[in-house]
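Content type PDB, C-alpha atoms, from the file final-v8.pdb:
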ATOM      1  CA  MET P   1     131.491 101.835 115.477
ATOM      2  CA  ASN P   2     134.928 100.438 114.718
ATOM      3  CA  THR P   3     135.044 100.979 110.950
ATOM      4  CA  GLU P   4     138.479  99.410 110.482
ATOM      5  CA  ALA P   5     137.341  96.228 112.214
ATOM      6  CA  ALA P   6     134.256  96.177 109.992
ATOM      7  CA  LYS P   7     136.381  96.564 106.873
ATOM      8  CA  ASN P   8     138.699  93.754 107.957
ATOM      9  CA  PHE P   9     135.729  91.512 108.636
ATOM     10  CA  ILE P  10     134.387  92.113 105.128
ATOM     11  CA  ILE P  11     137.777  91.555 103.514
ATOM     12  CA  ASN P  12     138.298  88.287 105.375
ATOM     13  CA  ASN P  13     134.796  86.828 105.136
ATOM     14  CA  ALA P  14     132.853  88.203 102.175
ATOM     15  CA  ARG P  15     131.810  86.243  99.117
ATOM     16  CA  PRO P  16     133.534  87.436  95.925
ATOM     17  CA  LEU P  17     130.506  89.558  94.975
ATOM     18  CA  GLU P  18     130.329  91.458  98.261
ATOM     19  CA  LEU P  19     134.110  91.771  98.293
ATOM     20  CA  ALA P  20     133.977  93.289  94.798
ATOM     21  CA  LEU P  21     131.351  95.752  96.051
ATOM     22  CA  TYR P  22     133.572  96.678  98.973
ATOM     23  CA  ASP P  23     136.544  97.173  96.634
ATOM     24  CA  PHE P  24     134.412  99.343  94.346
ATOM     25  CA  PHE P  25     133.231 101.636  97.116
ATOM     26  CA  TYR P  26     136.373 101.730  99.245
ATOM     27  CA  GLU P  27     139.344 100.760  97.085
ATOM     28  CA  ASN P  28     138.509 102.565  93.815
ATOM     29  CA  ALA P  29     138.080  99.262  91.975
ATOM     30  CA  GLU P  30     136.314  99.159  88.620
ATOM     31  CA  LYS P  31     132.597  98.420  88.439
ATOM     32  CA  GLU P  32     133.343  95.757  85.827
ATOM     33  CA  THR P  33     134.632  93.487  88.617
ATOM     34  CA  VAL P  34     131.299  93.762  90.430
ATOM     35  CA  ILE P  35     129.419  93.092  87.188
ATOM     36  CA  ALA P  36     131.553  90.023  86.478
ATOM     37  CA  GLU P  37     130.869  88.579  89.930
ATOM     38  CA  LEU P  38     127.176  89.410  89.735
ATOM     39  CA  ALA P  39     126.940  87.729  86.308
ATOM     40  CA  LYS P  40     127.922  84.422  87.928
ATOM     41  CA  TYR P  41     124.443  84.325  89.481
ATOM     42  CA  GLN P  42     122.702  84.974  86.151
ATOM     43  CA  ASN P  43     121.099  82.092  84.273
ATOM     44  CA  GLU P  44     120.875  81.485  80.545
ATOM     45  CA  ASP P  45     117.371  82.932  80.478
ATOM     46  CA  GLY P  46     118.755  86.208  81.816
ATOM     47  CA  GLY P  47     117.196  85.933  85.260
ATOM     48  CA  PHE P  48     119.011  85.507  88.552
ATOM     49  CA  GLY P  49     119.004  82.779  91.185
ATOM     50  CA  ASN P  50     121.766  80.510  92.475
ATOM     51  CA  GLY P  51     121.730  81.869  96.022
ATOM     52  CA  LEU P  52     122.243  85.516  95.134
ATOM     53  CA  GLU P  53     119.924  86.124  98.081
ATOM     54  CA  ALA P  54     121.642  83.948 100.647
ATOM     55  CA  ASP P  55     118.432  82.760 102.287
ATOM     56  CA  ASN P  56     117.112  81.219  99.054
ATOM     57  CA  TRP P  57     119.351  78.664  97.349
ATOM     58  CA  ASN P  58     117.030  78.034  94.401
ATOM     59  CA  PRO P  59     119.279  77.945  91.306
ATOM     60  CA  HIS P  60     116.390  78.801  88.993
ATOM     61  CA  SER P  61     115.664  82.351  87.926
ATOM     62  CA  ASN P  62     113.173  84.168  90.088
ATOM     63  CA  PRO P  63     111.871  87.751  90.242
ATOM     64  CA  ILE P  64     113.203  88.559  93.731
ATOM     65  CA  ALA P  65     116.778  87.563  92.929
ATOM     66  CA  THR P  66     116.552  89.447  89.636
ATOM     67  CA  ASN P  67     115.360  92.524  91.503
ATOM     68  CA  ASP P  68     118.308  92.138  93.872
ATOM     69  CA  ALA P  69     120.638  92.125  90.870
ATOM     70  CA  ILE P  70     119.030  95.334  89.588
ATOM     71  CA  ILE P  71     119.606  96.943  92.998
ATOM     72  CA  THR P  72     123.308  96.050  92.793
ATOM     73  CA  LEU P  73     123.624  97.416  89.263
ATOM     74  CA  ASP P  74     121.840 100.609  90.246
ATOM     75  CA  ARG P  75     124.028 100.944  93.319
ATOM     76  CA  ILE P  76     127.225 101.025  91.244
ATOM     77  CA  GLY P  77     125.794 103.072  88.390
ATOM     78  CA  ALA P  78     125.804 100.177  85.926
ATOM     79  CA  LEU P  79     122.255 100.223  84.533
ATOM     80  CA  ASP P  80     123.300 100.315  80.889
ATOM     81  CA  LYS P  81     120.756  98.913  78.433
ATOM     82  CA  ASP P  82     123.558  98.000  76.035
ATOM     83  CA  SER P  83     125.383  95.812  78.556
ATOM     84  CA  ALA P  84     125.095  92.032  78.339
ATOM     85  CA  ILE P  85     123.919  91.660  81.921
ATOM     86  CA  VAL P  86     121.088  94.187  81.484
ATOM     87  CA  LYS P  87     120.086  92.709  78.128
ATOM     88  CA  GLY P  88     119.760  89.379  79.899
ATOM     89  CA  ILE P  89     117.497  90.867  82.566
ATOM     90  CA  ILE P  90     115.337  92.481  79.882
ATOM     91  CA  ARG P  91     115.056  89.119  78.124
ATOM     92  CA  TYR P  92     114.042  87.355  81.342
ATOM     93  CA  LEU P  93     111.454  89.930  82.374
ATOM     94  CA  SER P  94     110.061  90.131  78.837
ATOM     95  CA  SER P  95     109.483  86.371  78.887
ATOM     96  CA  HIS P  96     107.025  86.865  81.771
ATOM     97  CA  ASP P  97     108.409  83.843  83.549
ATOM     98  CA  SER P  98     106.927  83.783  87.079
ATOM     99  CA  PHE P  99     104.480  86.525  86.056
ATOM    100  CA  ASP P 100     100.729  86.439  86.648
ATOM    101  CA  GLU P 101      99.251  87.654  83.373
ATOM    102  CA  GLU P 102      95.803  88.307  84.820
ATOM    103  CA  LYS P 103      96.961  90.306  87.848
ATOM    104  CA  LYS P 104     100.005  91.730  86.067
ATOM    105  CA  ARG P 105     102.332  90.920  88.944
ATOM    106  CA  TRP P 106     105.662  89.162  89.178
ATOM    107  CA  LEU P 107     105.646  86.512  91.866
ATOM    108  CA  PHE P 108     107.321  87.098  95.203
ATOM    109  CA  ALA P 109     107.826  83.358  95.747
ATOM    110  CA  ILE P 110     107.890  80.559  93.190
ATOM    111  CA  ASP P 111     107.076  76.847  93.488
ATOM    112  CA  SER P 112     110.629  75.566  92.998
ATOM    113  CA  ASN P 113     111.887  77.468  96.059
ATOM    114  CA  ALA P 114     110.540  74.569  98.129
ATOM    115  CA  ASP P 115     113.000  72.160  96.480
ATOM    116  CA  TYR P 116     116.113  73.890  97.823
ATOM    117  CA  PRO P 117     117.361  75.279 101.145
ATOM    118  CA  HIS P 118     115.375  78.402 101.911
ATOM    119  CA  ALA P 119     113.978  80.574 104.661
ATOM    120  CA  ILE P 120     110.325  79.989 105.414
ATOM    121  CA  TRP P 121     109.183  83.226 103.775
ATOM    122  CA  TRP P 122     110.346  81.951 100.377
ATOM    123  CA  LYS P 123     107.871  79.068 100.416
ATOM    124  CA  LYS P 124     105.115  79.923  97.953
ATOM    125  CA  ASP P 125     101.893  80.812  99.717
ATOM    126  CA  GLY P 126      98.738  80.965  97.639
ATOM    127  CA  ASP P 127      99.377  82.703  94.326
ATOM    128  CA  GLY P 128     102.884  83.731  95.347
ATOM    129  CA  ILE P 129     102.106  87.437  94.939
ATOM    130  CA  SER P 130     103.050  89.923  97.635
ATOM    131  CA  HIS P 131     101.310  93.177  96.675
ATOM    132  CA  PHE P 132     103.821  95.046  94.446
ATOM    133  CA  ASN P 133     107.013  93.454  95.787
ATOM    134  CA  PRO P 134     109.012  93.232  93.495
ATOM    135  CA  THR P 135     106.634  94.147  90.662
ATOM    136  CA  VAL P 136     106.865  97.937  90.963
ATOM    137  CA  SER P 137     110.648  98.052  90.585
ATOM    138  CA  LEU P 138     110.774  95.377  87.869
ATOM    139  CA  ALA P 139     108.121  97.236  85.869
ATOM    140  CA  ALA P 140     109.971 100.536  86.350
ATOM    141  CA  PHE P 141     113.140  98.825  85.133
ATOM    142  CA  MET P 142     111.328  97.753  81.981
ATOM    143  CA  VAL P 143     110.027 101.288  81.437
ATOM    144  CA  CYS P 144     113.600 102.575  81.636
ATOM    145  CA  MET P 145     115.458  99.740  79.926
ATOM    146  CA  GLY P 146     113.005  97.724  77.878
ATOM    147  CA  SER P 147     111.507  97.973  74.409
ATOM    148  CA  VAL P 148     109.726 101.179  73.449
ATOM    149  CA  ASN P 149     106.858  99.044  72.159
ATOM    150  CA  ASP P 150     106.286  97.580  75.632
ATOM    151  CA  ARG P 151     106.764 100.817  77.555
ATOM    152  CA  GLU P 152     103.075 101.658  77.985
ATOM    153  CA  TYR P 153     102.263  98.183  79.313
ATOM    154  CA  TYR P 154     104.830  98.433  82.094
ATOM    155  CA  ALA P 155     104.114 102.117  82.703
ATOM    156  CA  GLN P 156     100.515 101.202  83.553
ATOM    157  CA  ILE P 157     101.761  98.692  86.126
ATOM    158  CA  VAL P 158     103.978 101.337  87.722
ATOM    159  CA  GLN P 159     101.091 103.782  87.781
ATOM    160  CA  GLU P 160      98.804 101.247  89.439
ATOM    161  CA  ALA P 161     101.452 100.465  92.047
ATOM    162  CA  PHE P 162     101.983 104.090  92.997
ATOM    163  CA  SER P 163      98.236 104.727  93.069
ATOM    164  CA  VAL P 164      98.013 102.373  96.071
ATOM    165  CA  LEU P 165     101.229 103.448  97.787
ATOM    166  CA  PHE P 166      99.135 104.785 100.665
ATOM    167  CA  GLU P 167      97.824 101.242 101.274
ATOM    168  CA  LEU P 168     101.321  99.906 101.823
ATOM    169  CA  GLU P 169     101.552  98.169 105.171
ATOM    170  CA  LYS P 170     104.628  98.105 107.361
ATOM    171  CA  CYS P 171     106.806  96.114 104.970
ATOM    172  CA  GLY P 172     110.189  97.690 104.469
ATOM    173  CA  ASP P 173     111.231  95.413 101.628
ATOM    174  CA  GLU P 174     108.271  96.451  99.518
ATOM    175  CA  LEU P 175     108.863 100.127 100.235
ATOM    176  CA  LYS P 176     112.436  99.690  99.005
ATOM    177  CA  CYS P 177     111.001  98.436  95.709
ATOM    178  CA  TYR P 178     109.066 101.701  95.444
ATOM    179  CA  MET P 179     112.219 103.660  96.275
ATOM    180  CA  LEU P 180     114.179 101.819  93.582
ATOM    181  CA  ALA P 181     111.411 102.359  91.031
ATOM    182  CA  HIS P 182     111.256 106.079  91.781
ATOM    183  CA  GLN P 183     115.025 106.434  91.646
ATOM    184  CA  MET P 184     115.313 104.701  88.260
ATOM    185  CA  LEU P 185     112.563 106.817  86.735
ATOM    186  CA  SER P 186     114.207 109.963  88.114
ATOM    187  CA  ASP P 187     117.716 108.988  87.023
ATOM    188  CA  PHE P 188     116.559 108.307  83.471
ATOM    189  CA  GLY P 189     114.514 111.497  83.306
ATOM    190  CA  ILE P 190     111.176 109.757  82.843
ATOM    191  CA  LYS P 191     108.578 112.260  84.012
ATOM    192  CA  ASP P 192     105.441 111.141  82.203
ATOM    193  CA  VAL P 193     104.706 107.920  84.095
ATOM    194  CA  ILE P 194     104.201 109.147  87.661
ATOM    195  CA  ASN P 195     104.306 112.527  89.352
ATOM    196  CA  LEU P 196     107.839 112.309  90.696
ATOM    197  CA  GLU P 197     107.455 115.046  93.299
ATOM    198  CA  ALA P 198     104.147 113.821  94.696
ATOM    199  CA  THR P 199     105.264 110.196  94.860
ATOM    200  CA  LYS P 200     108.556 111.222  96.463
ATOM    201  CA  LYS P 201     106.553 112.833  99.253
ATOM    202  CA  GLY P 202     104.447 109.696  99.527
ATOM    203  CA  ILE P 203     107.554 107.545  99.942
ATOM    204  CA  GLU P 204     108.958 109.937 102.549
ATOM    205  CA  ASP P 205     105.707 109.739 104.516
ATOM    206  CA  LYS P 206     105.821 105.949 104.380
ATOM    207  CA  LEU P 207     109.418 105.919 105.581
ATOM    208  CA  LEU P 208     108.421 107.946 108.633
ATOM    209  CA  GLU P 209     105.560 105.540 109.218
ATOM    210  CA  ILE P 210     107.645 102.373 108.853
ATOM    211  CA  ILE P 211     110.973 103.293 110.483
ATOM    212  CA  CYS P 212     110.687 102.818 114.230
ATOM    213  CA  SER P 213     110.564 106.203 115.933
ATOM    214  CA  ASP P 214     111.296 104.753 119.384
ATOM    215  CA  THR P 215     115.081 104.866 119.250
ATOM    216  CA  THR P 216     115.382 103.048 122.594
ATOM    217  CA  LYS P 217     114.483  99.879 120.674
ATOM    218  CA  TYR P 218     117.435 100.222 118.273
ATOM    219  CA  GLY P 219     119.828  97.356 118.786
ATOM    220  CA  VAL P 220     117.467  95.810 121.340
ATOM    221  CA  GLU P 221     114.425  94.713 119.341
ATOM    222  CA  TYR P 222     113.993  93.659 115.727
ATOM    223  CA  VAL P 223     112.442  96.866 114.399
ATOM    224  CA  PRO P 224     112.824  98.741 111.082
ATOM    225  CA  VAL P 225     115.786 101.121 111.383
ATOM    226  CA  PRO P 226     117.189 103.807 109.055
ATOM    227  CA  SER P 227     120.045 101.616 107.806
ATOM    228  CA  ASP P 228     117.486  99.210 106.361
ATOM    229  CA  PHE P 229     116.842 101.923 103.753
ATOM    230  CA  PHE P 230     119.856 104.251 103.671
ATOM    231  CA  CYS P 231     122.855 101.928 103.393
ATOM    232  CA  GLY P 232     124.591 104.226 100.933
ATOM    233  CA  ILE P 233     121.583 104.619  98.625
ATOM    234  CA  TYR P 234     118.341 106.585  98.248
ATOM    235  CA  LYS P 235     119.769 109.818  99.621
ATOM    236  CA  VAL P 236     116.968 111.791  97.964
ATOM    237  CA  PHE P 237     114.479 110.404 100.511
ATOM    238  CA  LEU P 238     116.578 111.329 103.544
ATOM    239  CA  THR P 239     114.466 114.096 105.093
ATOM    240  CA  ASP P 240     115.100 116.350 108.089
ATOM    241  CA  GLU P 241     112.561 114.300 110.052
ATOM    242  CA  ILE P 242     114.515 111.085 109.440
ATOM    243  CA  LYS P 243     117.997 112.492 110.140
ATOM    244  CA  PRO P 244     117.633 112.368 113.956
ATOM    245  CA  LEU P 245     116.738 108.682 113.648
ATOM    246  CA  VAL P 246     119.834 108.164 111.510
ATOM    247  CA  SER P 247     121.990 109.798 114.187
ATOM    248  CA  ALA P 248     120.392 107.693 116.895
ATOM    249  CA  GLU P 249     121.150 104.468 115.043
ATOM    250  CA  LYS P 250     124.728 105.491 114.336
ATOM    251  CA  ASP P 251     125.194 106.049 118.069
ATOM    252  CA  ILE P 252     124.344 102.423 118.912
ATOM    253  CA  LEU P 253     126.126 100.604 116.066
ATOM    254  CA  GLY P 254     129.294 100.221 118.106
ATOM    255  CA  LYS P 255     127.297  98.487 120.837
ATOM    256  CA  ILE P 256     125.887  95.809 118.539
ATOM    257  CA  GLN P 257     129.046  95.292 116.470
ATOM    258  CA  LYS P 258     130.499  91.861 117.223
ATOM    259  CA  ASP P 259     134.003  91.207 118.539
ATOM    260  CA  ASP P 260     135.090  90.001 115.088
ATOM    261  CA  GLY P 261     134.180  93.411 113.617
ATOM    262  CA  GLY P 262     131.094  92.232 111.778
ATOM    263  CA  PHE P 263     127.383  92.570 112.338
ATOM    264  CA  ASP P 264     125.041  89.626 112.710
ATOM    265  CA  ILE P 265     121.659  88.914 111.210
ATOM    266  CA  SER P 266     118.686  89.060 113.550
ATOM    267  CA  TRP P 267     116.484  86.376 112.034
ATOM    268  CA  GLN P 268     116.216  82.626 111.627
ATOM    269  CA  TRP P 269     115.067  80.563 108.652
ATOM    270  CA  TYR P 270     112.423  78.710 110.676
ATOM    271  CA  THR P 271     113.092  75.627 108.580
ATOM    272  CA  ASP P 272     115.144  72.481 109.240
ATOM    273  CA  TYR P 273     117.772  73.200 106.603
ATOM    274  CA  LYS P 274     121.260  72.967 108.104
ATOM    275  CA  GLU P 275     122.526  75.294 105.359
ATOM    276  CA  PHE P 276     121.250  78.195 107.473
ATOM    277  CA  GLU P 277     124.659  78.590 109.118
ATOM    278  CA  THR P 278     126.373  78.866 105.735
ATOM    279  CA  ALA P 279     123.784  81.400 104.632
ATOM    280  CA  ARG P 280     124.372  83.339 107.827
ATOM    281  CA  ASP P 281     128.091  83.406 107.050
ATOM    282  CA  TRP P 282     127.264  84.817 103.599
ATOM    283  CA  TRP P 283     124.819  87.392 104.953
ATOM    284  CA  ARG P 284     127.032  88.811 107.687
ATOM    285  CA  PRO P 285     129.627  90.516 105.407
ATOM    286  CA  ARG P 286     126.827  91.879 103.228
ATOM    287  CA  LEU P 287     125.061  93.299 106.280
ATOM    288  CA  THR P 288     128.357  94.644 107.624
ATOM    289  CA  LEU P 289     129.027  96.459 104.349
ATOM    290  CA  ASP P 290     125.562  97.999 104.535
ATOM    291  CA  LYS P 291     126.129  99.163 108.117
ATOM    292  CA  LEU P 292     129.551 100.530 107.198
ATOM    293  CA  MET P 293     128.184 102.506 104.258
ATOM    294  CA  PHE P 294     125.303 103.753 106.382
ATOM    295  CA  TYR P 295     127.672 104.855 109.122
ATOM    296  CA  GLU P 296     130.052 106.609 106.753
ATOM    297  CA  GLY P 297     127.322 108.101 104.603
ATOM    298  CA  GLU P 298     128.138 106.660 101.183
ATOM    299  CA  SER P 299     125.625 107.044  98.346
ATOM    300  CA  ASN P 300     126.237 105.522  94.886
ATOM    301  CA  GLY P 301     129.895 106.521  94.998
ATOM    302  CA  PHE P 302     129.301 109.959  96.517
ATOM    303  CA  PHE P 303     129.563 110.591 100.233
ATOM    304  CA  TYR P 304     126.659 112.527 101.686
ATOM    305  CA  LYS P 305     127.793 112.726 105.331
TER     306      LYS P 305
END
How does the structure come out when it is put into structure tokens?
Amino acid sequence: MNTEAAKNFIINNARPLELALYDFFYENAEKETVIAELAKYQNEDGGFGNGLEADNWNPHSNPIATNDAIITLDRIGALDKDSAIVKGIIRYLSSHDSFDEEKKRWLFAIDSNADYPHAIWWKKDGDGISHFNPTVSLAAFMVCMGSVNDREYYAQIVQEAFSVLFELEKCGDELKCYMLAHQMLSDFGIKDVINLEATKKGIEDKLLEIICSDTTKYGVEYVPVPSDFFCGIYKVFLTDEIKPLVSAEKDILGKIQKDDGGFDISWQWYTDYKEFETARDWWRPRLTLDKLMFYEGESNGFFYK
């Protein structure tokens, strides 16, 4: 992989948010710049929308975009309950907007997604719930950041989610929600909600189940690969069994890197929205940063290569 070409591609093409992330990880920039750019996607109710996820241009707050914001804050070590951006997230999640009170789940897709350019998977189907994606990580966030009075309510949701971890089908995005939830609980020293060691092993087993073990498909077919999970984060789940798969993917990255230095997305929107090409232009630098951090072994500001 040509890392310098990748860096130049990011510098020349990234949105301000992804550029701020690049500067934080590679140019010793302050995390406050990332927070300031991320805050531009935050609404008055404290939730996130406004195309933070480039394949969903809904400006209204939604749980998935809010979860994405939490991932970014966690990634730069900025989960501070006294910060304005985190207080806003707490306010949004506490409001239970886009939350099914009976099933105790945040929605994966909301009705208003249909009113704006979006990929087909963001169209609400049925009740809009997708198992525990993103509920498990949002509930874990509230356990760590929210009111003490509400802690038990959200702790029960986290416990229920981890009790059915073994039922998780081959959905990498949902598994990443479990990884984020586990990492937050571990980072904040919360040991009385789930058994951290046992659930860590459960996540590791699921990673081995979900990540494609046939490395001949890497870069050839659209299969789950190690960089989907280890783009500079979640080092704790990187086991000896996964490391050979990591090495195999690193070996082929140079072959799938484009002539402009960037990496390309491997999916379509499957809708008629012409904004797909703009979204693709937004996604490519983000994906390239992830591949770069995976290749160089960066984890929350600490290299683990």
Show me, as a tab-separated table, the residues of region 104-178 of chain P having an atom within 12 Å of region 236-259 of chain P, each with the closest atom pair and its distance in Å, using all atoms listed in the file.
residue	atom	partner	partner_atom	distance
P:Leu175	CA	P:Phe237	CA	11.7
P:Lys176	CA	P:Phe237	CA	11.0
P:Tyr178	CA	P:Phe237	CA	11.4
Enclose all atoms of region 169-175 of chain P listed in the file in an axis-aligned box, grow every side by 6 Å, and hand back centre and edge lengths in Å to one decimal, as lines of an AutoDock Vina configuration file.
center_x = 106.4
center_y = 97.8
center_z = 103.4
size_x = 21.7
size_y = 16.7
size_z = 19.8
Residue among P:Ala161, P:Ala279, P:Ala54, P:Met184 lying closest to Phe132 (chain P), counting all atoms listed in the file: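 Residue with the minimum atom-to-atom distance to Phe132 (chain P): P:Ala161.
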When distances are computed from all atoms listed in the file, which of P:Ile76, P:Cys212, P:Leu289, P:Ile64 shows the smallest separation from Ala29 (chain P)?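 Selected residue with least distance to Ala29 (chain P): P:Ile76.
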Please identify all polymer residues within 8 Å of Arg286 (chain P), counting only C-alpha atoms, omitting same-chain residues fewer than 4 positions from it, and present them as a PyMOL selection string. chain P and resi 10+14+18+282+290
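Separating CA of Ile89 (chain P) from CA of Asn133 (chain P) is a distance of 17.1 Å.
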Can you translate the PyMOL selection byres ((chain P and resi 268) around 10) into the concrete residues it hits in this file, as JSON, numbers by chain? {"P": [55, 119, 120, 265, 266, 267, 269, 270, 271, 276, 277, 280]}
File of the preceding selection, C-alpha atoms, as a PDB file, in the coordinates of the input:
ATOM      1  CA  ASP P  55     118.432  82.760 102.287  1.00  0.00           C
ATOM      2  CA  ALA P 119     113.978  80.574 104.661  1.00  0.00           C
ATOM      3  CA  ILE P 120     110.325  79.989 105.414  1.00  0.00           C
ATOM      4  CA  ILE P 265     121.659  88.914 111.210  1.00  0.00           C
ATOM      5  CA  SER P 266     118.686  89.060 113.550  1.00  0.00           C
ATOM      6  CA  TRP P 267     116.484  86.376 112.034  1.00  0.00           C
ATOM      7  CA  TRP P 269     115.067  80.563 108.652  1.00  0.00           C
ATOM      8  CA  TYR P 270     112.423  78.710 110.676  1.00  0.00           C
ATOM      9  CA  THR P 271     113.092  75.627 108.580  1.00  0.00           C
ATOM     10  CA  PHE P 276     121.250  78.195 107.473  1.00  0.00           C
ATOM     11  CA  GLU P 277     124.659  78.590 109.118  1.00  0.00           C
ATOM     12  CA  ARG P 280     124.372  83.339 107.827  1.00  0.00           C
TER      13      ARG P 280
END
CA of Ser137 (chain P) to CA of Leu21 (chain P): how many Å, to one decimal?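 Separation between CA of Ser137 (chain P) and CA of Leu21 (chain P): 21.5 Å.
Take CA of Asp100 (chain P) and CA of Met142 (chain P): the distance between them is 16.2 Å.
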Proximity to Glu44 (chain P) - best of P:Phe230, P:Thr216, P:Asn56, P:Arg91, all atoms listed in the file: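 Using all atoms listed in the file, Glu44 (chain P) sits closest to P:Arg91.
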Evaluate the PyMOL selection byres ((chain P and resi 70) around 9) and record the selected residues as a list of chain:residue names, following the chain and residue labels used in the document. P:Ala65, P:Thr66, P:Asn67, P:Asp68, P:Ala69, P:Ile71, P:Thr72, P:Leu73, P:Asp74, P:Arg75, P:Leu79, P:Val86, P:Ile89, P:Ser137, P:Leu138, P:Phe141
Name the residues in contact with Phe188 (chain P) at a cut-off of 10 Å, using all atoms listed in the file, excluding same-chain residues fewer than 6 positions from it; report them as JSON, numbers by chain. {"P": [79, 143, 144, 145]}
Mind checking which residues fall within 12 Å of Pro16 (chain P), counting only C-alpha atoms, ignoring those fewer than 5 positions away in the same chain, and posting them as a list in words? Ile10, Ile11, Leu21, Tyr22, Asp23, Thr33, Val34, Ile35, Ala36, Glu37, Leu38, Ala39, Lys40, Tyr41, Leu52, Trp282, Pro285 and Arg286 of chain P
Using all atoms listed in the file and a cutoff of 10 Å, can you tell me which residues are near (107.0, 95.5, 102.5) in the file's coordinates, and write them out as a PyMOL selection string? chain P and resi 130-134+168-178+210
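Closest approach to His60 (chain P) from the set P:Tyr26, P:Phe162, P:Tyr92, P:Tyr154 is made by P:Tyr92, with distances taken over all atoms listed in the file.
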Nearest residue to Ile129 (chain P) from the set P:Ala114, P:Leu107, P:Ala5, P:Val158 (distances using only C-alpha atoms): P:Leu107
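Distance annotation: of P:Ala109, P:Lys235, P:Ser186, P:Asp228, the residue with the minimal separation from Thr288 (chain P) is P:Asp228; atom set is all atoms listed in the file.
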Just the residues within 10 Å of Ile110 (chain P), please, counting only C-alpha atoms, with nothing from its chain fewer than 5 positions along; format it as a ChimeraX atom specification. /P:58,60-64,98-99,122-125,127-129
